[in-house]
Amino acid sequence: MTPYRELAPPTGLLPVVACLWEHDVPPGHEQRIIPDGCVDLVRLDGELVVVGADTGPVVAGPSAGPASRTSGIRLRPGAAGAVLGIPASEVRDKRVPLADVWPDVGPALADALSVADPAGRLDLLARTVLQRKAERDGLVAAAARRLGVPGSRISVVAEDLGVSERHLHRRTVDAVGYGPKMLGRVARLRRLIGLSAGGPSSSLAERAAVAGYASQAHMSDEVRRLTGLTPVRFLEDAALTAA
């Protein structure tokens with residue numbers, strides 16, 4: 001089995017959940033997590049935590065103990081605020097115990113997860129999110145789609161959606177964890193990863209232009225800021241994850 005696996009969410013969760021996932025972490029393995037615009041609920045080292053939207057790379061490990069399995073549920077950009085019941089900005093760049101966010105269900109859920117098998121853990125997480133009956137912020141979801149288009153501008157996106165830039169910024173911060181500018185940067189990085197998947201078929205400069213960067217130097221600077229690696233090193237084994 002592959003170390004990292006994504007599974008489709010139940011039909012009722014498709015509007016707010018990008019995927020369920022599992023990651024088998026071998027001993028001595030270093031994990032590098034890069035921004036994707038999402039918030040995850042993760043069972044990490046036996047504790048259930050909310051992993052907020054990151055604005056930069058997070059490197060964990062290498063682990064010294066035995067192999068371990070991490071599992072989680074990834075919320076779509078624009079869904080976190082509603083699912084969590086708090087502004088998503090409160091967990092930005094943080095790992096927060098779910099019991100602190102959901103004191104009514106967090107502790108009992110953590111106990112149930114501790115005795116469940118791997119498949120049961122994912123089912124428990126999915127059923128708990130479904131019970132929240134949350135709805136993704138439609139305005140933010142539409143903005144995220146538009147910001148994913150090369151050459152998009154926040155002012156134009158806001159105008160197309162019939163709101164002010166200030167209003168769009170506030171809604172995005174509450175629903176995602178950060179504003180449209182950061183969301184656009186993440187979308188551009190994901191485009192670059194998609195263009196590089198399966199091996200380079202064009203030069204870095206060509207991929208940078210297609211992804212929407214002003215220049216190869218701009219792309220290099222952004223990749224370093226968001227991943228902590230050079231473009232060549234990062235794109236060697238980068239793969240798009242569900243978001």
# chains A, B, ... in the order shown; residues from 1 in each chain; ligands from 1

$ closest_atom_pairs --of "range 108-219 of chain A" --to "range 43-61 of chain A" --cutoff "7 Å" --atoms "only C-alpha atoms" --output "Markdown table"
| residue | atom | partner | partner_atom | distance |
| --- | --- | --- | --- | --- |
| A:Ala110 | CA | A:Leu48 | CA | 6.0 |
| A:Ser114 | CA | A:Gly46 | CA | 6.9 |
| A:Gly177 | CA | A:Ala53 | CA | 5.9 |

$ residues_around --residues "range 72-76 of chain A" --least-positions-apart "4" --cutoff "9 Å" --atoms "only C-alpha atoms" --output "number ranges by chain"
A: 9, 14-23, 37-44, 80, 83, 121-122, 125-126, 129, 136, 141, 176, 242-243

$ select_by_dssp --residues "range 1-231 of chain A" --states "alpha helix (DSSP H)" --output "VMD selection string"
chain A and resid 80 to 84 98 to 101 106 to 115 118 to 131 138 to 147 154 to 161 165 to 175 180 to 196 204 to 211 216 to 227 231

$ atom_distance --atom1 "CA of Ala119 in chain A" --atom2 "CA of Ser71 in chain A"
9.5 Å

$ atom_distance --atom1 "CA of Pro10 in chain A" --atom2 "CA of Pro77 in chain A"
17.7 Å

$ residues_around --residues "range 183-199 of chain A" --least-positions-apart "6" --cutoff "7 Å" --atoms "only C-alpha atoms" --output "list in words"
Pro35, Asp36, Gly37, Leu147, Gly148, Arg207, Ala208, Ala211, Gly212, Leu235, Ala238, Ala239 and Leu240 of chain A

$ closest_residue --among "A:Gly138, A:Gly151, A:Pro231, A:Pro118" --to "Ala79 in chain A" --atoms "only C-alpha atoms"
A:Gly138
